[in-house]
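Student: Handing you this structure, nothing more for now.
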Amino acid sequence: MKKAFPILGVLTAVLLSYALYQALVVAPTEQTMGDVQRIFYYHVPSAWTAFLLFFINFGASIYYLAKRKTAADIVALVSAEVGVVFCTVVLITGPIWARPVWGIWWTWDMRLTSTLVLWLIYVSYLFLRRFSSGGQTPLLAASLAVIGALCVPFVYFSIWFFRTQHPQPVMGGGGSIDPRMLHVLLINWLAFSCFAFLVCWSRYRLEKLQREIDEAHALHSLLAPRGSSR
Amino acid sequence: MSTPRTAPSGITRVTLFKDLRLEWRSKDAINSMLFFSLLVVVVFSFSFDPSAEESRQIAGGLIWVAFLFAAVVALNQTWAREIRNQVLDAYRVSPAPANSLFVAKVVGNFIFVTVLEALMTPLFIVFYRLRALGPVWQLLLVGAVGTWALVVNGTFFAAMSLRTRSREIMLPLLLFPISIPAVLAMVQATTAILNGEGARFWIVLLVTYDLVFTTVCLLLFETVLNAE
């Protein structure tokens with residue numbers, strides 16, 4: 001298992017470089033927006049990866065509430081952390097793309113707004129993780145993750161209706177996409193997903209080790225004879 | 001009283017009346033929240049000029065933001081009394097179902113926040129010279145359903161925050177993101193009704209939100225209460 005990690009790392013690096021080449025060189029230039037549009041190949045795969053990771057977080061949290069397995073709790077933590085990172089990338093690349101194209105940094109259109117709310121929900125999840133202590137954290141965090149995930153459809157639905165009442169510029173989308181662009185998009189998504197998996201795996205191992213160390217410390221303190229230095 | 005005290009609904013009733021009686025005798029929570037709400041309304045009046053025509057358009061939003069802040073103040077102290085005298089630990093150890101406590105707390109908070117809103121609303125109407133162009137009963141419905149949405153999630157997250165450092169700041173940190181769809185709905189519904197437009201979509205959304213989250217909170221409260 002441990003050998004697989006460096007092999008996967010090299011593969012991911014190659015895939016990412018290939019995806020970069022595809023996005024910056026091979027993909028056709030967009031008609032209206034020009035080369036700026038290429039940020040699309042980072043913006044959209046990041047969003048899809050973030051959504052996938054948040055979905056994994058939801059699944060792991062439910063599993064933890066049902067079975068109380070520590071591995072599920074670590075998966076939930078890891079997927080939330082990496083998901084928030086990718087969501088941050090979406091929220092940064094969005095304005096970077098919007099500024100040259102529309103002249104404004106931010107707009108309260110449906111996709112940006114709902115991504116922002118999603119980001120807020122999962123950052124609050126990470127805050128709860130950080131601020132709660134010891135044994136309760138996994139249960140509290142799992143409960144919050146379930147509530148947060150159930151909130152997501154409401155977020156999308158309410159903002160969709162809000163925005164169709166007050167029309168705003170629609171970002172990208174609408175109409176069919178050039179198949180060559182779709183091809184590059186999917187390659188980038190594959191590369192991002194592999195990278196996300198690598199980071200999650202690494203973080204998982206780190207967290208597992210950290211918990212084992214903490215447990216060993218706790219056990220040592222409990223079992224140490226009285227009067228020893230501690 | 002027909003239902004015995006040990007039945008779940010009996011426990012809810014007893015706990016609720018205990019909270020209301022304690023509050024009625026001391027009145028410290030309601031007094032502090034009242035004054036806080038008044039201060040919020042006055043500060044808003046300085047920040048958003050009430051005489052300007054635009055303010056009438058955003059009055060719905062202003063009202064609900066003020067109610068949101070008042071609700072957070074109310075919710076923060078909701079469990080404080082239980083912690084102080086180790087009542088919560090006693091409750092956990094007892095065979096009483098956790099949901100009875102939760103329902104009692106939610107209903108109690110709902111009553112507190114509704115009283116607050118009932119006292120703040122005339123102030124808003126006077127300061128902002130509001131006049132509802134739509135039916136007033138719809139405004140009351142939005143008020144009730146919206147307040148329930150805030151209070152049910154708020155009580156749940158307040159119980160969660162008990163186990164954290166920085167207890168008072170954790171509640172708004174957790175509550176505000178989850179409440180965004182509900183707050184959006186409340187504000188849009190209120191503004192629409194004040195301007196005489198239809199608010200059916202928002203009311204249906206709020207009611208659905210209430211149903212879903214009341215159910216989820218009831219299902220998860222026992223886990224959160226006994227988390228150790």
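Labels used: A, B, ... for chains in the order of the structure tokens, numbers from 1 for residues in each chain, and numbers from 1 for ligands as shown.
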Can you tell me which residues surround region 75-86 of chain A at a distance of at most 6 Å, considering only C-alpha atoms, apart from same-chain residues fewer than 3 positions away, and format the answer as a list in words?

Tutor: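 So the residues in contact are Ser46, Ala50, Leu53, Asn57, Ala60, Ser61, Ala72, Val89 and Cys200 of chain A.
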
Student: For chain A, report every residue with an atom at most 12 Å from chain B (counting only C-alpha atoms), formatted as a VMD selection string.

Tutor: chain A and resid 62 64 to 66 68 113 to 163 165 to 166

Student: Quick one: everything within 12 Å of region 38-44 of chain A, counting only C-alpha atoms, minus sequence neighbours fewer than 4 positions away in the same chain. Send it as a PyMOL selection string.

Tutor: chain A and resi 16+19-31+33-34+48-51+86-98+100-101+111-112+115+171-173+177+181-193

Student: Keeping only C-alpha atoms, write those residues as an mmCIF file, in the first residue's frame.

Tutor:
data_model
loop_
_atom_site.group_PDB
_atom_site.id
_atom_site.type_symbol
_atom_site.label_atom_id
_atom_site.label_comp_id
_atom_site.auth_asym_id
_atom_site.auth_seq_id
_atom_site.Cartn_x
_atom_site.Cartn_y
_atom_site.Cartn_z
ATOM 1 C CA LEU A 16 -1.399 17.524 -14.029
ATOM 2 C CA ALA A 19 -3.713 18.770 -18.244
ATOM 3 C CA LEU A 20 -1.925 22.132 -17.929
ATOM 4 C CA TYR A 21 -0.507 21.760 -21.409
ATOM 5 C CA GLN A 22 -3.921 20.861 -22.754
ATOM 6 C CA ALA A 23 -5.587 23.798 -21.047
ATOM 7 C CA LEU A 24 -3.055 26.454 -21.972
ATOM 8 C CA VAL A 25 -1.896 25.309 -25.401
ATOM 9 C CA VAL A 26 -4.103 22.704 -27.023
ATOM 10 C CA ALA A 27 -7.601 23.903 -26.145
ATOM 11 C CA PRO A 28 -9.142 26.190 -28.755
ATOM 12 C CA THR A 29 -9.348 29.897 -27.956
ATOM 13 C CA GLU A 30 -12.802 31.059 -27.057
ATOM 14 C CA GLN A 31 -14.478 33.417 -29.500
ATOM 15 C CA MET A 33 -13.459 36.093 -24.219
ATOM 16 C CA GLY A 34 -10.131 35.117 -25.738
ATOM 17 C CA TRP A 48 -16.672 19.601 -9.317
ATOM 18 C CA THR A 49 -13.884 18.266 -7.092
ATOM 19 C CA ALA A 50 -15.101 20.356 -4.167
ATOM 20 C CA PHE A 51 -18.671 19.090 -4.615
ATOM 21 C CA PHE A 86 -10.849 23.506 -3.666
ATOM 22 C CA CYS A 87 -13.905 25.630 -2.920
ATOM 23 C CA THR A 88 -11.573 28.525 -2.081
ATOM 24 C CA VAL A 89 -9.905 28.043 -5.459
ATOM 25 C CA VAL A 90 -13.325 28.326 -7.112
ATOM 26 C CA LEU A 91 -14.114 31.520 -5.206
ATOM 27 C CA ILE A 92 -10.761 33.066 -6.150
ATOM 28 C CA THR A 93 -10.666 32.018 -9.801
ATOM 29 C CA GLY A 94 -14.257 33.221 -10.205
ATOM 30 C CA PRO A 95 -13.497 36.901 -9.580
ATOM 31 C CA ILE A 96 -10.202 36.639 -11.461
ATOM 32 C CA TRP A 97 -12.197 35.476 -14.467
ATOM 33 C CA ALA A 98 -15.041 37.922 -13.953
ATOM 34 C CA PRO A 100 -11.491 41.132 -17.314
ATOM 35 C CA VAL A 101 -14.668 39.686 -18.822
ATOM 36 C CA ARG A 111 -23.433 29.956 -9.022
ATOM 37 C CA LEU A 112 -21.006 32.243 -7.232
ATOM 38 C CA THR A 115 -20.651 28.363 -3.873
ATOM 39 C CA MET A 171 -21.633 33.014 -16.089
ATOM 40 C CA GLY A 172 -20.227 30.807 -18.844
ATOM 41 C CA GLY A 173 -22.664 27.932 -19.353
ATOM 42 C CA ILE A 177 -19.756 23.372 -25.309
ATOM 43 C CA MET A 181 -13.121 22.078 -24.782
ATOM 44 C CA LEU A 182 -15.139 19.383 -23.055
ATOM 45 C CA HIS A 183 -12.288 16.957 -23.655
ATOM 46 C CA VAL A 184 -9.748 19.306 -22.026
ATOM 47 C CA LEU A 185 -12.189 19.997 -19.196
ATOM 48 C CA LEU A 186 -12.535 16.320 -18.414
ATOM 49 C CA ILE A 187 -8.776 15.761 -18.523
ATOM 50 C CA ASN A 188 -8.326 18.578 -16.046
ATOM 51 C CA TRP A 189 -11.040 17.172 -13.841
ATOM 52 C CA LEU A 190 -9.344 13.782 -13.829
ATOM 53 C CA ALA A 191 -6.017 15.394 -12.941
ATOM 54 C CA PHE A 192 -7.588 17.460 -10.151
ATOM 55 C CA SER A 193 -9.401 14.442 -8.768
#

Student: Could you name the residues that touch region 77-91 of chain B at 12 Å or less, counting only C-alpha atoms, but leaving out those on the same chain fewer than 6 positions away, as a VMD selection string?

Tutor: chain B and resid 11 15 to 16 18 to 20 22 to 23 28 to 30 32 to 33 70 to 71 97 to 102 104 to 110 112 to 113 151 154 to 163 167 to 168 171 222 225 to 228

Student: By how many Å are CA of Phe36 (chain B) and CA of Gln57 (chain B) apart?

Tutor: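 Spanning CA of Phe36 (chain B) to CA of Gln57 (chain B) is a straight-line distance of 24.3 Å.
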
Student: Please provide the set of residues having any atom within 9 Å of Cys194 (chain A), restricted to only C-alpha atoms, with same-chain residues fewer than 6 positions apart removed, written as a list in words.

Tutor: Leu8, Gly9, Leu11, Thr12, Leu15 and Leu16 of chain A

Student: With C-alpha atoms retained, export the selected residues as a PDB file, in the first residue's frame.

Tutor:
ATOM      1  CA  LEU A   8       0.483   7.584  -7.721  1.00  0.00           C
ATOM      2  CA  GLY A   9       2.298  10.822  -6.939  1.00  0.00           C
ATOM      3  CA  LEU A  11       1.380   9.637 -12.146  1.00  0.00           C
ATOM      4  CA  THR A  12      -0.586  12.604 -10.793  1.00  0.00           C
ATOM      5  CA  LEU A  15      -1.340  13.999 -15.447  1.00  0.00           C
ATOM      6  CA  LEU A  16      -1.399  17.524 -14.029  1.00  0.00           C
TER       7      LEU A  16
END

Student: What lies within 8 Å of Ile74 (chain A) using only C-alpha atoms, ignoring chain neighbours under 3 positions off, as a list in words?

Tutor: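 Here the answer would be Thr70, Ala71, Leu77, Val78, Tyr204, Glu207 and Lys208 of chain A.
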
Student: Please measure the separation of CA of Asp214 (chain A) and CA of Ser202 (chain A), giving the value in Å to one decimal.

Tutor: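 Interatomic distance, CA of Asp214 (chain A) to CA of Ser202 (chain A): 18.5 Å.
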
Student: Find the residues near Leu130 (chain B): any atom within 9 Å, counting only C-alpha atoms, skip ones fewer than 5 places away on the same chain, and give them as a PyMOL selection string.

Tutor: chain B and resi 56+59+124-125+194

Student: Using only C-alpha atoms, find the one residue out of B:Ile193, B:Val41, B:Leu140, B:Ala7 that sits nearest to Val126 (chain B).

Tutor: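 Closest to Val126 (chain B) of all the choices is B:Val41.
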
Student: Please extract the residues of region 5-203 of chain B with a backbone DSSP assignment of helix (DSSP H, G or I) and present them as an NGL selection string.

Tutor: :B and (8-26 or 28-47 or 53-76 or 80-84 or 87-93 or 98-128 or 136-161 or 167-194 or 200-203)
